[in-house]
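Take a look at the structure below.
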Amino acid sequence: MAAVFLVTLYEYSPLFYIAVVFTCFIVTTGLVLGWFGWDVPVILRNSEETQFSTRVFKKQMRQVKNPFGLEISNPSTASITTGITLTTDCLEDSHLTCYWGCSVQKLYEALQKHVYCFRISTPQALDDALYSEYLYQEQYFIKKDSKEEIYCQLPGDTEIEDFGTVPRSRYPLVALLTLADQDDREIYDIISMVSVIHIPDKAYKLSCRILYQYLLLAQGQFHDLKQLFMSANNNSTASTSPSPEETIADRSLLEKVGLSDSEAEPSEETSRDCVVCQNGSVNWVLLPCRHACLCDSCVRFFQQCPMCRQPVQESFALCSQKEQEKDKRKTL
Ligand SMILES: [Zn+2]
Ligand SMILES: [Zn+2]
């Protein structure tokens with residue numbers, strides 16, 4: 001059938017015949033070469049193969065130093081009536097200001113003000129931005145590099161036992177950390193940290209926790225500080241800690257504009273092994289799930305997270321290739 005068609009075609013127009021045969025030849029050659037993995041234009045490859053060759057987008061990151069650290073000590077014992085103990089860990093002299101019963105709406109308005117014009121770099125600035133929409137305020141001075149335990153409590157005369165039923169218009173506690181020294185504010189990109197803390201009371205018994213931590217930048221942005229989930233392995237660093245996911249709190253990710261915190265300890269880093277090859281050290285964080293579980297050589301094979309099966313939209317390296325080479329040279 002095809003032969004009869006070709007002969008008839010040749011009789012009518014030899015030139016057109018040659019063109020058709022030549023096109024068929026080119027397409028066949030392209031398909032054969034594509035099959036063997038040669039670098040032919042994607043248009044000639046089958047769709048499955050094109051899908052496989054799409055790489056996960058690598059996020060550009062910038063490291064910034066966060067001078068502030070705040071944690072809750074013994075969250076299980078904290079309550080509105082008995083108070084809460086906070087542990088601070090700051091790289092510079094700082095002020096810790098606690099706003100009890102802070103208005104939710106006014107806090108977010110204050111953060112928006114920070115973005116547009118009114119930078120929140122001092123307790124006074126937040127006070128003004130909140131229009132004093134809180135019930136009680138207390139302030140502490142934090143010496144640099146001292147892990148201080150600070151006990152905060154609402155005074156008895158305020159007679160507040162709960163903040164009502166949910167949804168609420170006030171957060172139980174908002175803690176602001178600011179740099180005490182004017183000179184320090186010019187060194188750091190991050191000028192203050194706002195922690196929103198939930199404390200249980202009679203009306204709402206959800207356990208005590210940090211709900212949000214916002215890092216405020218001198219340039220006007222603010223970012224939600226989020227934890228990374230490191231893969232746990234069998235070696236000593238993981239076994240000494242009760243929950244490996246929570247112990248990496250110091251290593252934080254600023255997701256929105258791709259900033260990464262530089263507080264991580266490299267020694268801890270190298271001791272965590274890749275979940276796939278069990279050999280390379282973990283260096284890649286997958287987004288949006290924030291699992292850090294792959295090494296440099298395995299990351300390229302995964303379009304789904306090996307821990308939770310979520311499709312990977314973006315990924316970023318904890319330590320850039322250049323830095324790793326430097327580290328290697330140092331150890332040699
Ligand atoms: Zn690996
Ligand atoms: Zn995951």
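Each chain in the structure tokens gets a letter, A, B and so on, in the order shown; residues start at 1 in every chain, and ligands are counted from 1 in the order they appear.
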Legend entry - Non-local contacts of Leu287 of chain A (10 Å; only C-alpha atoms; under 3 positions in same chain excluded) as a count of residues only: 16
Inset, instruction - Can you pull out every residue within 10 Å of Asp127 of chain A, counting only C-alpha atoms, but drop anything in the same chain fewer than 4 positions away, and send it as a ChimeraX atom specification? - result: /A:97,99,107,110,120,122-123,131-134,137
Legend entry - 9 Å contact set for Val196 of chain A, only C-alpha atoms, chain neighbours under 6 positions out, as a list in words: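 Contacts, in chain order: Tyr171, Pro172, Leu173, Val174, Ala175, Leu176, Arg209, Ile210, Leu211, Tyr212, Gln213 and Tyr214 of chain A.
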Okay, now the selection with C-alpha atoms, as an mmCIF file, in the first residue's frame?
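Saved file selection_21.cif follows:
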```cif
data_model
loop_
_atom_site.group_PDB
_atom_site.id
_atom_site.type_symbol
_atom_site.label_atom_id
_atom_site.label_comp_id
_atom_site.auth_asym_id
_atom_site.auth_seq_id
_atom_site.Cartn_x
_atom_site.Cartn_y
_atom_site.Cartn_z
ATOM 1 C CA TYR A 171 -2.405 36.777 72.005
ATOM 2 C CA PRO A 172 -1.483 35.724 75.583
ATOM 3 C CA LEU A 173 2.124 36.882 75.202
ATOM 4 C CA VAL A 174 4.174 38.661 72.562
ATOM 5 C CA ALA A 175 7.919 38.830 73.269
ATOM 6 C CA LEU A 176 10.026 41.404 71.455
ATOM 7 C CA ARG A 209 4.270 26.928 72.564
ATOM 8 C CA ILE A 210 5.763 29.527 70.276
ATOM 9 C CA LEU A 211 3.142 30.112 67.584
ATOM 10 C CA TYR A 212 5.184 32.362 65.310
ATOM 11 C CA GLN A 213 8.572 34.009 65.258
ATOM 12 C CA TYR A 214 9.055 36.965 62.975
#
```
Inset, instruction - Using only C-alpha atoms, determine which residues lie at most 10 Å from Ser320 of chain A, disregarding the query and same-chain residues fewer than 6 positions distant; provide the list as a list of chain:residue names. - result: A:Met61, A:Asn283, A:Trp284, A:Asp296
Give one line per residue of segment 194-227 of chain A that approaches segment 80-88 of chain A to at most 12 Å, naming the two atoms of the closest pair and their distance in Å to one decimal, counting only C-alpha atoms; sort by chain then ascending residue number and deliver it as a Markdown table.
```
| residue | atom | partner | partner_atom | distance |
| --- | --- | --- | --- | --- |
| A:Ser195 | CA | A:Leu86 | CA | 11.1 |
| A:Ile197 | CA | A:Ile84 | CA | 10.1 |
| A:His198 | CA | A:Ile80 | CA | 9.6 |
| A:Ile199 | CA | A:Ile80 | CA | 6.2 |
| A:Pro200 | CA | A:Ile80 | CA | 6.5 |
| A:Asp201 | CA | A:Ile80 | CA | 5.6 |
| A:Lys202 | CA | A:Ile80 | CA | 8.6 |
| A:Ala203 | CA | A:Ile80 | CA | 10.7 |
| A:Tyr204 | CA | A:Ile80 | CA | 10.7 |
| A:Lys205 | CA | A:Ile80 | CA | 10.6 |
| A:Ser207 | CA | A:Ile80 | CA | 11.6 |
| A:Cys208 | CA | A:Ile84 | CA | 9.0 |
| A:Arg209 | CA | A:Ile84 | CA | 10.7 |
| A:Ile210 | CA | A:Leu86 | CA | 10.8 |
```
Keeping only C-alpha atoms, write the selected residues to a file as a compact mmCIF listing (two decimals), in the first residue's frame.
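Once written, out-v4.txt looks like this:
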```txt
# COMPACT_ATOMS: atom_id res chain seq x y z
CA SER A 195 7.75 35.86 69.16
CA ILE A 197 3.60 32.71 72.46
CA HIS A 198 0.55 30.73 73.45
CA ILE A 199 0.12 30.08 77.18
CA PRO A 200 -2.71 27.83 78.37
CA ASP A 201 -5.42 29.18 80.65
CA LYS A 202 -8.82 28.10 81.98
CA ALA A 203 -10.66 28.83 78.74
CA TYR A 204 -8.18 27.36 76.22
CA LYS A 205 -5.90 24.54 77.34
CA SER A 207 -0.20 23.43 75.51
CA CYS A 208 2.31 26.27 75.77
CA ARG A 209 4.27 26.93 72.56
CA ILE A 210 5.76 29.53 70.28
```
Inset, instruction - Determine which residues of segment 64-171 of chain A DSSP labels as strand (DSSP E) from the backbone of this structure, then write them out as a ChimeraX atom specification. - result: /A:64,70-73,84-88,94-103,136-142,148-152,170-171
Counting only C-alpha atoms and all ligand atoms, what are the residues, protein, DNA or RNA alike, that approach ligand 1 to within 8 Å? I want them as an mmCIF file with N, CA and C atoms, in the first residue's frame.
```cif
data_model
loop_
_atom_site.group_PDB
_atom_site.id
_atom_site.type_symbol
_atom_site.label_atom_id
_atom_site.label_comp_id
_atom_site.auth_asym_id
_atom_site.auth_seq_id
_atom_site.Cartn_x
_atom_site.Cartn_y
_atom_site.Cartn_z
ATOM 1 N N ASP A 273 23.745 11.702 58.082
ATOM 2 C CA ASP A 273 23.914 11.037 56.801
ATOM 3 C C ASP A 273 22.670 11.116 55.937
ATOM 4 N N CYS A 274 22.931 11.098 54.629
ATOM 5 C CA CYS A 274 21.883 11.108 53.621
ATOM 6 C C CYS A 274 20.995 9.871 53.792
ATOM 7 N N VAL A 275 19.656 10.042 53.692
ATOM 8 C CA VAL A 275 18.751 8.907 53.910
ATOM 9 C C VAL A 275 18.783 7.902 52.758
ATOM 10 N N VAL A 276 19.337 8.312 51.617
ATOM 11 C CA VAL A 276 19.326 7.413 50.466
ATOM 12 C C VAL A 276 20.610 6.584 50.408
ATOM 13 N N CYS A 277 21.756 7.254 50.332
ATOM 14 C CA CYS A 277 23.006 6.489 50.197
ATOM 15 C C CYS A 277 23.649 6.175 51.552
ATOM 16 N N GLN A 278 23.168 6.789 52.614
ATOM 17 C CA GLN A 278 23.690 6.544 53.968
ATOM 18 C C GLN A 278 25.180 6.862 54.092
ATOM 19 N N ASN A 279 25.653 7.658 53.176
ATOM 20 C CA ASN A 279 27.091 7.887 53.120
ATOM 21 C C ASN A 279 27.430 9.372 53.119
ATOM 22 N N GLY A 280 26.864 10.100 52.140
ATOM 23 C CA GLY A 280 27.128 11.542 52.039
ATOM 24 C C GLY A 280 26.460 12.292 53.175
ATOM 25 N N SER A 281 27.002 13.480 53.506
ATOM 26 C CA SER A 281 26.366 14.260 54.566
ATOM 27 C C SER A 281 25.202 15.062 53.989
ATOM 28 N N VAL A 282 24.167 15.216 54.776
ATOM 29 C CA VAL A 282 22.953 15.919 54.338
ATOM 30 C C VAL A 282 23.278 17.370 54.027
ATOM 31 N N LEU A 294 18.915 14.837 52.045
ATOM 32 C CA LEU A 294 19.674 14.332 50.909
ATOM 33 C C LEU A 294 21.072 14.954 50.811
ATOM 34 N N CYS A 295 21.991 14.188 50.236
ATOM 35 C CA CYS A 295 23.351 14.693 50.036
ATOM 36 C C CYS A 295 23.476 15.296 48.632
ATOM 37 N N ASP A 296 24.633 15.847 48.325
ATOM 38 C CA ASP A 296 24.843 16.514 47.038
ATOM 39 C C ASP A 296 24.631 15.594 45.836
ATOM 40 N N SER A 297 25.042 14.325 45.948
ATOM 41 C CA SER A 297 24.927 13.455 44.783
ATOM 42 C C SER A 297 23.542 12.849 44.614
ATOM 43 N N CYS A 298 22.776 12.714 45.691
ATOM 44 C CA CYS A 298 21.456 12.073 45.574
ATOM 45 C C CYS A 298 20.340 13.052 45.222
ATOM 46 N N VAL A 299 20.534 14.332 45.526
ATOM 47 C CA VAL A 299 19.426 15.295 45.397
ATOM 48 C C VAL A 299 18.871 15.353 43.977
#
```
Inset, instruction - Rank nothing, just name the residue among A:Leu177, A:Leu206, A:Leu215, A:Val104 nearest to Leu70 of chain A, using only C-alpha atoms. - result: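 The answer is A:Leu177, which sits nearest to Leu70 of chain A.
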Legend entry - Residue with smallest distance to ligand 2 - pool A:Phe22, A:Phe302, A:Phe163, A:Tyr17, counting only C-alpha atoms and all ligand atoms: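 Using only C-alpha atoms and all ligand atoms, ligand 2 sits closest to A:Phe302.
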Legend entry - Which of A:Met230, A:Lys106, A:Glu148, A:Leu111 sits closest to Asp89 of chain A [using only C-alpha atoms]: A:Glu148
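One distance worth recording is that between atom CA of Val21 of chain A and atom CA of Val4 of chain A, which is 14.2 Å.
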Inset, instruction - Work out how far apart atom CA of Leu216 of chain A and atom CA of Asp93 of chain A are and give it in Å to one decimal. - result: 17.2 Å
Inset, instruction - Just the residues within 8 Å of Cys90 of chain A, please, counting only C-alpha atoms, with nothing from its chain fewer than 3 positions along; format it as a PyMOL selection string. - result: chain A and resi 67-69+93-94+142-147
For the residues selected in the previous step, produce a file with C-alpha atoms as a PDB file, in the first residue's frame.
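Ended up saving to result21.pdb:
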```
ATOM      1  CA  PRO A  67      21.513  37.811  66.825  1.00  0.00           C
ATOM      2  CA  PHE A  68      18.397  36.656  68.709  1.00  0.00           C
ATOM      3  CA  GLY A  69      17.377  33.377  70.272  1.00  0.00           C
ATOM      4  CA  ASP A  93      23.241  43.044  74.515  1.00  0.00           C
ATOM      5  CA  SER A  94      19.499  43.121  73.978  1.00  0.00           C
ATOM      6  CA  ILE A 142      19.750  40.560  78.296  1.00  0.00           C
ATOM      7  CA  LYS A 143      23.538  40.409  78.445  1.00  0.00           C
ATOM      8  CA  LYS A 144      25.232  39.096  75.334  1.00  0.00           C
ATOM      9  CA  ASP A 145      26.133  35.393  75.089  1.00  0.00           C
ATOM     10  CA  SER A 146      24.521  34.617  78.431  1.00  0.00           C
ATOM     11  CA  LYS A 147      21.811  31.999  78.389  1.00  0.00           C
TER      12      LYS A 147
END
```
Legend entry - Using only C-alpha atoms and all ligand atoms: which of A:Arg309, A:Asp162, A:Arg168, A:Gln112 has the shortest distance to ligand 2: A:Arg309
Inset, instruction - One decimal, Å: what's the distance from atom CA of Gln63 of chain A over to atom CA of Ile190 of chain A, could you say? - result: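 Computing it gives 11.5 Å between the two atoms.
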